[in-house]
$ cat protein_35.txt   # compact mmCIF, C-alpha atoms
# COMPACT_ATOMS: atom_id res chain seq x y z
CA MET A 221 21.66 1.73 7.05
CA ARG A 222 23.33 0.10 4.10
CA HIS A 223 21.90 -3.37 3.62
CA LYS A 224 21.64 -5.99 0.91
CA ILE A 225 18.16 -7.35 1.56
CA ILE A 226 16.07 -8.14 -1.49
CA ILE A 227 12.58 -9.55 -1.00
CA GLU A 228 11.04 -11.08 -4.12
CA GLY A 229 7.27 -11.12 -4.47
CA PHE A 230 4.93 -12.13 -7.26
CA ALA A 231 4.86 -8.95 -9.35
CA TYR A 232 7.12 -6.71 -7.26
CA ARG A 233 10.29 -6.83 -5.22
CA LEU A 234 11.87 -4.79 -2.45
CA ARG A 235 15.47 -3.76 -3.03
CA PRO A 236 17.83 -1.52 -1.03
CA ILE A 237 17.52 2.18 -1.72
CA GLY A 238 20.57 4.06 -3.04
CA ASP A 239 21.75 7.45 -4.20
CA MET A 240 20.44 6.71 -7.70
CA ASP A 241 16.91 6.76 -6.23
CA ALA A 242 17.16 10.33 -4.90
CA ASP A 243 15.25 11.80 -7.86
CA PHE A 244 12.49 9.24 -7.45
CA ILE A 245 12.23 9.97 -3.72
CA ILE A 246 11.96 13.70 -4.42
CA LYS A 247 9.35 13.09 -7.10
CA LEU A 248 7.11 11.14 -4.72
CA ARG A 249 7.78 13.12 -1.56
CA THR A 250 7.12 16.52 -3.10
CA ASP A 251 3.78 15.50 -4.60
CA ALA A 252 1.26 17.51 -2.57
CA GLU A 253 -1.46 14.88 -2.87
CA LEU A 254 0.78 11.99 -1.85
CA ILE A 255 2.37 13.71 1.15
CA ARG A 256 -0.77 15.12 2.71
CA PHE A 257 -0.08 13.01 5.82
CA LEU A 258 3.72 12.72 5.63
CA HIS A 259 6.59 14.93 6.70
CA SER A 260 7.63 17.30 3.94
CA THR A 261 10.89 16.72 2.10
CA PRO A 262 13.25 19.40 0.79
CA PRO A 263 13.02 19.33 -3.01
CA SER A 264 16.75 19.62 -3.69
CA LEU A 265 18.88 16.70 -4.79
CA ASP A 266 21.69 17.71 -2.42
CA SER A 267 19.34 17.66 0.59
CA GLN A 268 18.08 14.22 -0.37
CA LEU A 269 21.59 12.86 -0.86
CA ASN A 270 22.56 14.28 2.54
CA TRP A 271 19.53 12.59 4.11
CA LEU A 272 20.49 9.29 2.47
CA ALA A 273 24.11 9.68 3.66
CA GLN A 274 22.84 9.93 7.24
CA TYR A 275 20.47 7.02 6.68
CA TYR A 276 23.36 4.80 5.51
CA THR A 277 25.04 5.21 8.90
CA ARG A 278 21.89 4.71 11.00
CA PRO A 279 21.58 1.18 12.41
CA GLY A 280 18.20 -0.51 12.61
CA ASP A 281 16.81 1.29 9.57
CA TRP A 282 16.04 -0.59 6.37
CA TYR A 283 14.81 1.59 3.50
CA PHE A 284 13.57 -0.02 0.28
CA VAL A 285 12.44 0.81 -3.21
CA LEU A 286 9.44 -1.18 -4.39
CA GLU A 287 9.99 -2.08 -8.02
CA ARG A 288 8.26 -4.15 -10.66
CA ARG A 289 9.92 -7.45 -11.34
CA SER A 290 9.01 -7.33 -15.04
CA ASP A 291 10.96 -4.18 -15.89
CA SER A 292 12.58 -3.02 -12.60
CA SER A 293 10.65 0.26 -12.75
CA SER A 294 10.31 2.04 -9.40
CA GLU A 295 6.80 2.06 -8.01
CA GLY A 296 7.16 3.20 -4.41
CA LEU A 297 9.12 3.47 -1.16
CA ILE A 298 8.79 1.63 2.13
CA SER A 299 10.89 1.17 5.28
CA LEU A 300 11.40 -0.64 8.53
CA TYR A 301 13.06 1.55 11.16
CA ASP A 302 13.42 2.29 14.88
CA PHE A 303 14.56 -1.27 15.49
CA ASP A 304 14.36 -2.13 19.18
CA ALA A 305 16.93 -4.82 20.00
CA GLU A 306 15.31 -5.65 23.36
CA GLN A 307 11.78 -6.10 22.03
CA PHE A 308 13.02 -7.24 18.63
CA SER A 309 10.46 -4.93 17.08
CA ALA A 310 10.44 -2.14 14.50
CA GLU A 311 8.08 0.35 12.91
CA TRP A 312 7.20 0.16 9.24
CA GLY A 313 6.43 3.27 7.30
CA ARG A 314 7.78 5.90 4.91
CA TRP A 315 5.22 4.14 2.72
CA ILE A 316 4.46 6.02 -0.45
CA LEU A 317 3.45 4.69 -3.86
CA ARG A 318 3.02 6.30 -7.25
CA LYS A 319 -0.54 7.54 -7.72
CA ASP A 320 -1.17 5.01 -10.50
CA SER A 321 0.21 2.11 -8.49
CA ILE A 322 -1.83 -0.95 -7.59
CA ALA A 323 0.96 -2.37 -5.42
CA ALA A 324 -0.37 -1.44 -1.98
CA VAL A 325 -1.27 -4.97 -0.93
CA GLU A 326 1.87 -6.64 -2.26
CA SER A 327 4.12 -3.93 -0.81
CA ALA A 328 2.59 -4.49 2.64
CA TRP A 329 2.97 -8.26 2.23
CA LEU A 330 6.63 -7.81 1.25
CA ILE A 331 7.53 -5.53 4.16
CA TYR A 332 5.89 -7.93 6.63
CA ARG A 333 7.82 -10.80 5.05
CA CYS A 334 11.00 -8.79 5.44
CA ALA A 335 10.17 -8.12 9.09
CA PHE A 336 9.16 -11.63 10.09
CA ASP A 337 10.86 -13.99 7.62
CA GLN A 338 14.07 -12.11 6.87
CA LEU A 339 14.80 -10.12 10.05
CA CYS A 340 12.93 -12.54 12.34
CA LEU A 341 11.34 -9.69 14.32
CA ARG A 342 8.86 -10.52 17.04
CA GLU A 343 6.61 -7.53 16.34
CA VAL A 344 6.14 -4.67 13.89
CA TYR A 345 3.86 -1.68 14.15
CA CYS A 346 2.66 1.04 11.82
CA ARG A 347 1.50 4.49 12.92
CA THR A 348 -0.88 6.32 10.61
CA VAL A 349 -2.26 9.83 10.93
CA ALA A 350 -5.78 9.18 12.24
CA ALA A 351 -7.29 11.55 9.69
CA ASN A 352 -5.80 9.44 6.90
CA GLU A 353 -8.88 7.24 7.04
CA SER A 354 -8.28 5.17 3.93
CA VAL A 355 -4.83 4.05 5.13
CA VAL A 356 -6.17 3.34 8.63
CA SER A 357 -8.88 1.29 6.90
CA PHE A 358 -6.23 -0.50 4.82
CA HIS A 359 -4.52 -1.79 7.97
CA ASP A 360 -7.88 -2.81 9.41
CA SER A 361 -8.70 -4.61 6.16
CA CYS A 362 -5.46 -6.58 6.45
CA GLY A 363 -7.05 -8.19 9.49
CA ILE A 364 -4.94 -6.45 12.14
CA THR A 365 -6.92 -6.42 15.35
CA GLU A 366 -4.41 -4.84 17.72
CA ARG A 367 -4.85 -1.10 17.27
CA SER A 368 -4.69 1.92 19.54
CA LEU A 369 -5.01 5.69 19.34
CA LEU A 370 -1.94 7.80 20.11
CA PRO A 371 -3.16 11.36 20.82
CA ASN A 372 -1.04 14.18 19.34
CA HIS A 373 1.59 11.69 18.25
CA PHE A 374 2.58 13.40 15.01
CA ASN A 375 3.90 16.89 14.53
CA LEU A 376 3.49 17.53 10.83
CA ASN A 377 4.71 20.94 9.79
CA GLY A 378 3.64 22.40 13.14
CA ARG A 379 0.33 20.54 13.35
CA LYS A 380 -0.24 18.08 16.21
CA LEU A 381 -2.12 15.07 14.88
CA ASP A 382 -3.42 11.85 16.42
CA ALA A 383 -2.05 8.53 15.21
CA VAL A 384 -3.63 5.11 14.92
CA GLU A 385 -1.13 2.39 15.71
CA HIS A 386 -1.58 -1.12 14.27
CA ARG A 387 0.60 -3.84 15.78
CA VAL A 388 1.32 -7.26 14.32
CA ASN A 389 3.35 -9.90 16.14
CA HIS A 390 4.79 -13.03 14.59
CA VAL A 391 1.76 -15.07 15.70
CA ALA A 392 -0.80 -12.66 14.20
CA TRP A 393 1.29 -12.53 11.03
CA LYS A 394 0.47 -16.19 10.40
CA THR A 395 -3.23 -15.32 10.20
CA ILE A 396 -2.78 -12.13 8.19
CA ALA A 397 -0.29 -13.40 5.63
CA PRO A 398 -2.49 -15.82 3.60
CA ARG A 399 -4.98 -13.14 2.53
CA LEU A 400 -2.27 -10.67 1.54
CA GLU A 401 -0.42 -13.40 -0.31
CA HIS A 402 -3.55 -14.57 -2.13
CA LEU A 403 -4.49 -11.06 -3.30
CA SER A 404 -0.90 -10.31 -4.32
CA GLN A 405 -0.68 -13.52 -6.30
CA ARG A 406 -4.00 -12.96 -8.05
CA MET A 407 -3.05 -9.42 -9.01
CA ALA A 408 0.32 -10.62 -10.30
CA ARG A 409 -1.40 -13.18 -12.53
CA ARG A 410 -3.47 -10.33 -13.94
CA LEU A 411 -0.40 -8.19 -14.59
CA HIS A 412 1.40 -11.05 -16.31
CA ARG A 413 -1.60 -11.67 -18.55
CA ASP A 414 -1.66 -8.00 -19.55
CA THR A 415 2.04 -7.86 -20.48
CA MET B 1365 -25.86 -6.54 -20.25
CA ASN B 1366 -27.10 -2.93 -20.23
CA ARG B 1367 -25.87 -0.02 -18.11
CA GLN B 1368 -28.59 -0.42 -15.49
CA GLN B 1369 -27.85 -4.12 -15.03
CA ILE B 1370 -24.13 -3.36 -14.73
CA LYS B 1371 -24.84 -0.72 -12.09
CA VAL B 1372 -26.92 -3.15 -10.03
CA VAL B 1373 -24.04 -5.64 -10.01
CA VAL B 1374 -21.46 -2.96 -9.13
CA LEU B 1375 -23.54 -1.62 -6.24
CA SER B 1376 -24.22 -5.11 -4.96
CA VAL B 1377 -20.52 -6.08 -5.02
CA LEU B 1378 -19.50 -2.83 -3.32
CA SER B 1379 -22.08 -3.30 -0.56
CA THR B 1380 -20.96 -6.86 0.03
CA VAL B 1381 -17.21 -6.22 0.03
CA LEU B 1382 -17.31 -2.92 1.92
CA LYS B 1383 -20.04 -4.14 4.30
CA CYS B 1384 -22.03 -0.91 4.08
CA GLU B 1385 -24.78 0.70 2.03
CA VAL B 1386 -23.47 2.12 -1.22
CA ASN B 1387 -25.23 4.59 -3.50
CA ASN B 1388 -24.60 5.85 -7.03
CA GLU B 1389 -22.36 8.66 -5.79
CA ALA B 1390 -19.98 6.42 -3.85
CA SER B 1391 -16.29 6.86 -4.55
CA ARG B 1392 -12.95 6.12 -2.93
CA GLU B 1393 -12.83 9.78 -1.92
CA ASN B 1394 -16.05 9.77 0.06
CA LEU B 1395 -15.99 6.19 1.38
CA ALA B 1396 -12.98 5.59 3.66
CA GLN B 1397 -13.57 1.84 3.88
CA TRP B 1398 -13.00 1.62 0.10
CA ASP B 1399 -9.26 1.31 0.78
CA SER B 1400 -6.49 -0.12 -1.41
CA LEU B 1401 -7.04 -3.70 -0.23
CA LYS B 1402 -10.82 -3.54 -0.58
CA HIS B 1403 -10.35 -1.91 -3.98
CA ILE B 1404 -8.59 -4.99 -5.29
CA GLU B 1405 -11.27 -7.25 -3.81
CA VAL B 1406 -13.99 -5.08 -5.35
CA ILE B 1407 -12.40 -5.15 -8.78
CA PHE B 1408 -11.84 -8.92 -8.73
CA ALA B 1409 -15.43 -9.54 -7.57
CA ILE B 1410 -16.92 -7.26 -10.23
CA GLU B 1411 -14.81 -8.92 -12.92
CA ASP B 1412 -16.04 -12.32 -11.76
CA GLU B 1413 -19.68 -11.21 -11.65
CA LEU B 1414 -19.59 -9.44 -15.02
CA ASN B 1415 -17.28 -11.98 -16.65
CA LEU B 1416 -14.88 -9.35 -17.96
CA GLN B 1417 -11.40 -8.08 -17.24
CA PHE B 1418 -10.42 -4.45 -16.86
CA PRO B 1419 -7.08 -3.60 -18.51
CA GLU B 1420 -4.34 -2.85 -15.98
CA GLU B 1421 -4.09 0.81 -16.94
CA MET B 1422 -7.76 1.24 -16.03
CA LEU B 1423 -7.44 -0.19 -12.52
CA PRO B 1424 -6.15 2.90 -10.67
CA ASN B 1425 -8.94 5.01 -12.20
CA LEU B 1426 -11.87 2.80 -11.22
CA ASN B 1427 -12.44 4.95 -8.16
CA SER B 1428 -16.19 5.44 -8.17
CA VAL B 1429 -19.42 3.64 -9.00
CA GLU B 1430 -19.74 5.82 -12.08
CA SER B 1431 -16.22 5.15 -13.38
CA ILE B 1432 -16.56 1.39 -12.89
CA VAL B 1433 -19.92 1.31 -14.67
CA ASP B 1434 -18.52 3.44 -17.52
CA ALA B 1435 -15.50 1.16 -17.90
CA ALA B 1436 -17.57 -2.05 -17.79
CA GLU B 1437 -20.07 -0.69 -20.28
CA GLY B 1438 -17.21 0.29 -22.58
CA LEU B 1439 -15.76 -3.22 -22.44
CA TYR B 1440 -19.14 -4.77 -23.28
CA GLU B 1441 -19.56 -2.44 -26.23
CA ALA B 1442 -16.04 -3.03 -27.54
$ encode --input "protein_35.txt" --output "structure tokens"
Amino acid sequence: MRHKIIIEGFAYRLRPIGDMDADFIIKLRTDAELIRFLHSTPPSLDSQLNWLAQYYTRPGDWYFVLERRSDSSSEGLISLYDFDAEQFSAEWGRWILRKDSIAAVESAWLIYRCAFDQLCLREVYCRTVAANESVVSFHDSCGITERSLLPNHFNLNGRKLDAVEHRVNHVAWKTIAPRLEHLSQRMARRLHRDT
Amino acid sequence: MNRQQIKVVVLSVLSTVLKCEVNNEASRENLAQWDSLKHIEVIFAIEDELNLQFPEEMLPNLNSVESIVDAAEGLYEA
């Protein structure tokens, strides 16, 4: 949906996605290496603009571009969606970063901050293709202890694939946040020194 | 510090951070627990141990024991 949420971090920020980002979305989401475990995206600009037009009207869906604060260059995409008004929960995903990006930790920190500090959600969850071991490991490394296996959860281009679901509630977030914040801050200091 | 000494430090840091045995052939491709978060911790720990700093543009490419040792050796020689 259309929103105006901007989350500022140390080296990066989240800002609302717009039509001007369609080329960037296509660039990332048609990269065979990056989308090995994601749904495929039609490579045409018109298809992407149509998808965004539908997204703008969909409530409970917040799609962001991750950009560098120093020069506003786009580095990745990330979303919160499937908002459940009863549970006050949402899924985070559509997470994809440029291959040369080192923003994984800060982008996760920012989307959790959006979920818990901005939207005041009670719980967020992330579902990862189980075979995508390094991303499953990333969520484990964040310190998330509530995880479960969802057999045949994904249907990716006709393939049924298991998912690993990691759940974080607002209480667990308090224990996870300091480490993500510390690593994000240290990396940002490095980036500032290099520029 | 010579190449062998650098390699000992790199392997030691990787074993400690990833909490597993790591050999010369280890890379982010063949070691799932070497994820994006651990990668940052590994790089910071190696920089601290070797008292050097990898340039930002190098960071995404330090994906194996060999590439880290090569990069560190290059910085020492520079």
$ closest_residue --input "protein_35.txt" --among "A:Ala252, A:Ile316, A:Ile227, A:Cys362" --to "A:Phe336" --atoms "all atoms listed in the file"
A:Ile227
$ atom_distance --input "protein_35.txt" --atom1 "atom CA of A:Tyr276" --atom2 "atom CA of A:Ser294"
20.0 Å
$ closest_residue --input "protein_35.txt" --among "B:Val1372, B:Ala1442, B:Leu1401, B:Leu1414" --to "chain A" --atoms "all atoms listed in the file"
B:Leu1401
$ interface_residues --input "protein_35.txt" --of "chain A" --to "chain B" --cutoff "6 Å" --atoms "all atoms listed in the file" --output "list in words"
Asp320, Val325, Glu353, Ser354, Ser357 and Phe358 of chain A
$ residues_around --input "protein_35.txt" --residues "A:Met221" --least-positions-apart "6" --cutoff "8 Å" --atoms "only C-alpha atoms" --output "PyMOL selection string"
chain A and resi 275-283
$ write_last_selection --input "protein_35.txt" --atoms "C-alpha atoms" --output "PDB file, in the coordinates of the input"
ATOM      1  CA  TYR A 275      20.470   7.020   6.680  1.00  0.00           C
ATOM      2  CA  TYR A 276      23.360   4.800   5.510  1.00  0.00           C
ATOM      3  CA  THR A 277      25.040   5.210   8.900  1.00  0.00           C
ATOM      4  CA  ARG A 278      21.890   4.710  11.000  1.00  0.00           C
ATOM      5  CA  PRO A 279      21.580   1.180  12.410  1.00  0.00           C
ATOM      6  CA  GLY A 280      18.200  -0.510  12.610  1.00  0.00           C
ATOM      7  CA  ASP A 281      16.810   1.290   9.570  1.00  0.00           C
ATOM      8  CA  TRP A 282      16.040  -0.590   6.370  1.00  0.00           C
ATOM      9  CA  TYR A 283      14.810   1.590   3.500  1.00  0.00           C
TER      10      TYR A 283
END
$ atom_distance --input "protein_35.txt" --atom1 "atom CA of A:Phe244" --atom2 "atom CA of A:Gly296"
8.6 Å
$ residues_around --input "protein_35.txt" --residues "B:Val1377" --least-positions-apart "6" --cutoff "8 Å" --atoms "only C-alpha atoms" --output "list in words"
Val1406, Ala1409 and Ile1410 of chain B
$ residues_near_point --input "protein_35.txt" --point "(-20.1, 5.2, -5.8)" --cutoff "9 Å" --atoms "all atoms listed in the file" --output "list in words"
Val1374, Leu1375, Leu1378, Val1386, Asn1387, Asn1388, Glu1389, Ala1390, Ser1391, Arg1392, Asn1394, Leu1395, Asn1427, Ser1428, Val1429, Glu1430, Ser1431 and Ile1432 of chain B
$ write_last_selection --input "protein_35.txt" --atoms "C-alpha atoms" --output "tab-separated table (two decimals), keeping the file's coordinate frame"
chain	number	residue	atom	x	y	z
B	1374	VAL	CA	-21.46	-2.96	-9.13
B	1375	LEU	CA	-23.54	-1.62	-6.24
B	1378	LEU	CA	-19.50	-2.83	-3.32
B	1386	VAL	CA	-23.47	2.12	-1.22
B	1387	ASN	CA	-25.23	4.59	-3.50
B	1388	ASN	CA	-24.60	5.85	-7.03
B	1389	GLU	CA	-22.36	8.66	-5.79
B	1390	ALA	CA	-19.98	6.42	-3.85
B	1391	SER	CA	-16.29	6.86	-4.55
B	1392	ARG	CA	-12.95	6.12	-2.93
B	1394	ASN	CA	-16.05	9.77	0.06
B	1395	LEU	CA	-15.99	6.19	1.38
B	1427	ASN	CA	-12.44	4.95	-8.16
B	1428	SER	CA	-16.19	5.44	-8.17
B	1429	VAL	CA	-19.42	3.64	-9.00
B	1430	GLU	CA	-19.74	5.82	-12.08
B	1431	SER	CA	-16.22	5.15	-13.38
B	1432	ILE	CA	-16.56	1.39	-12.89
$ residues_around --input "protein_35.txt" --residues "stretch 298-306 of chain A" --least-positions-apart "4" --cutoff "8 Å" --atoms "all atoms listed in the file" --output "PyMOL selection string"
chain A and resi 280-286+310-316+327+331+335
$ axis_aligned_box --input "protein_35.txt" --around "stretch 1435-1441 of chain B" --padding-each-side "8 Å" --output "AutoDock Vina command-line options"
--center_x -17.8 --center_y -1.8 --center_z -22.0 --size_x 20.6 --size_y 21.9 --size_z 24.4
$ atom_distance --input "protein_35.txt" --atom1 "atom CA of A:Arg399" --atom2 "atom CA of A:Arg342"
20.2 Å
$ closest_residue --input "protein_35.txt" --among "A:Ile225, A:Ala273, A:Cys340, A:Leu254" --to "A:Val355" --atoms "only C-alpha atoms"
A:Leu254
$ closest_residue --input "protein_35.txt" --among "A:Lys319, A:Arg410, A:His390, A:Arg347" --to "B:Glu1411" --atoms "only C-alpha atoms"
A:Arg410
$ residues_around --input "protein_35.txt" --residues "A:His259" --least-positions-apart "6" --cutoff "10 Å" --atoms "only C-alpha atoms" --output "JSON, numbers by chain"
{"A": [249, 250, 314, 374, 375, 376, 377]}
$ residues_around --input "protein_35.txt" --residues "A:Arg387" --least-positions-apart "3" --cutoff "7 Å" --atoms "all atoms listed in the file" --output "list in words"
Val344, Tyr345, Cys346, Glu366 and Arg367 of chain A
$ decode --input "protein_35.txt" --residues "stretch 245-276 of chain A" --atoms "N, CA and C atoms" --output "compact mmCIF listing (two decimals), in the first residue's frame"
# COMPACT_ATOMS: atom_id res chain seq x y z
N ILE A 245 13.93 -3.01 -9.22
CA ILE A 245 13.29 -4.27 -8.82
C ILE A 245 13.55 -5.34 -9.88
N ILE A 246 13.36 -4.97 -11.14
CA ILE A 246 13.56 -5.94 -12.23
C ILE A 246 15.02 -6.42 -12.25
N LYS A 247 15.92 -5.46 -12.05
CA LYS A 247 17.35 -5.82 -12.08
C LYS A 247 17.67 -6.88 -11.02
N LEU A 248 17.15 -6.68 -9.81
CA LEU A 248 17.43 -7.64 -8.74
C LEU A 248 16.66 -8.94 -8.94
N ARG A 249 15.39 -8.81 -9.29
CA ARG A 249 14.51 -9.99 -9.28
C ARG A 249 14.56 -10.79 -10.58
N THR A 250 15.46 -10.42 -11.47
CA THR A 250 15.69 -11.26 -12.65
C THR A 250 17.12 -11.80 -12.65
N ASP A 251 17.83 -11.57 -11.56
CA ASP A 251 19.19 -12.09 -11.43
C ASP A 251 19.09 -13.55 -10.95
N ALA A 252 19.50 -14.47 -11.81
CA ALA A 252 19.29 -15.90 -11.54
C ALA A 252 19.88 -16.32 -10.20
N GLU A 253 21.03 -15.77 -9.86
CA GLU A 253 21.69 -16.17 -8.61
C GLU A 253 20.91 -15.67 -7.40
N LEU A 254 20.41 -14.43 -7.50
CA LEU A 254 19.72 -13.82 -6.36
C LEU A 254 18.33 -14.42 -6.12
N ILE A 255 17.69 -14.91 -7.20
CA ILE A 255 16.29 -15.35 -7.04
C ILE A 255 16.16 -16.86 -7.00
N ARG A 256 17.26 -17.53 -6.68
CA ARG A 256 17.22 -18.99 -6.65
C ARG A 256 16.09 -19.50 -5.75
N PHE A 257 15.78 -18.77 -4.68
CA PHE A 257 14.77 -19.22 -3.73
C PHE A 257 13.60 -18.24 -3.62
N LEU A 258 13.40 -17.44 -4.68
CA LEU A 258 12.29 -16.49 -4.69
C LEU A 258 11.40 -16.76 -5.89
N HIS A 259 10.17 -16.23 -5.81
CA HIS A 259 9.29 -16.33 -6.97
C HIS A 259 9.88 -15.51 -8.12
N SER A 260 9.72 -16.02 -9.33
CA SER A 260 10.26 -15.30 -10.48
C SER A 260 9.40 -14.06 -10.76
N THR A 261 10.02 -13.10 -11.42
CA THR A 261 9.35 -11.84 -11.73
C THR A 261 9.40 -11.62 -13.23
N PRO A 262 8.28 -11.21 -13.85
CA PRO A 262 8.34 -10.91 -15.28
C PRO A 262 9.34 -9.78 -15.53
N PRO A 263 10.15 -9.87 -16.57
CA PRO A 263 11.20 -8.89 -16.76
C PRO A 263 10.75 -7.58 -17.40
N SER A 264 9.47 -7.45 -17.71
CA SER A 264 9.06 -6.22 -18.41
C SER A 264 8.68 -5.12 -17.42
N LEU A 265 8.97 -3.90 -17.84
CA LEU A 265 8.67 -2.73 -17.01
C LEU A 265 7.17 -2.61 -16.78
N ASP A 266 6.38 -2.84 -17.82
CA ASP A 266 4.92 -2.74 -17.70
C ASP A 266 4.39 -3.70 -16.64
N SER A 267 4.89 -4.95 -16.66
CA SER A 267 4.43 -5.94 -15.68
C SER A 267 4.77 -5.48 -14.26
N GLN A 268 5.96 -4.93 -14.11
CA GLN A 268 6.37 -4.48 -12.77
C GLN A 268 5.53 -3.31 -12.31
N LEU A 269 5.24 -2.38 -13.23
CA LEU A 269 4.42 -1.22 -12.86
C LEU A 269 3.00 -1.67 -12.51
N ASN A 270 2.50 -2.68 -13.24
CA ASN A 270 1.17 -3.22 -12.91
C ASN A 270 1.18 -3.85 -11.52
N TRP A 271 2.26 -4.60 -11.23
CA TRP A 271 2.37 -5.23 -9.91
C TRP A 271 2.38 -4.15 -8.83
N LEU A 272 3.14 -3.08 -9.05
CA LEU A 272 3.22 -2.01 -8.06
C LEU A 272 1.86 -1.32 -7.91
N ALA A 273 1.14 -1.15 -9.03
CA ALA A 273 -0.18 -0.51 -8.96
C ALA A 273 -1.11 -1.32 -8.06
N GLN A 274 -1.05 -2.63 -8.16
CA GLN A 274 -1.86 -3.49 -7.28
C GLN A 274 -1.39 -3.39 -5.83
N TYR A 275 -0.07 -3.36 -5.69
CA TYR A 275 0.50 -3.24 -4.33
C TYR A 275 0.02 -1.96 -3.64
N TYR A 276 -0.05 -0.86 -4.39
CA TYR A 276 -0.43 0.42 -3.78
C TYR A 276 -1.83 0.35 -3.16
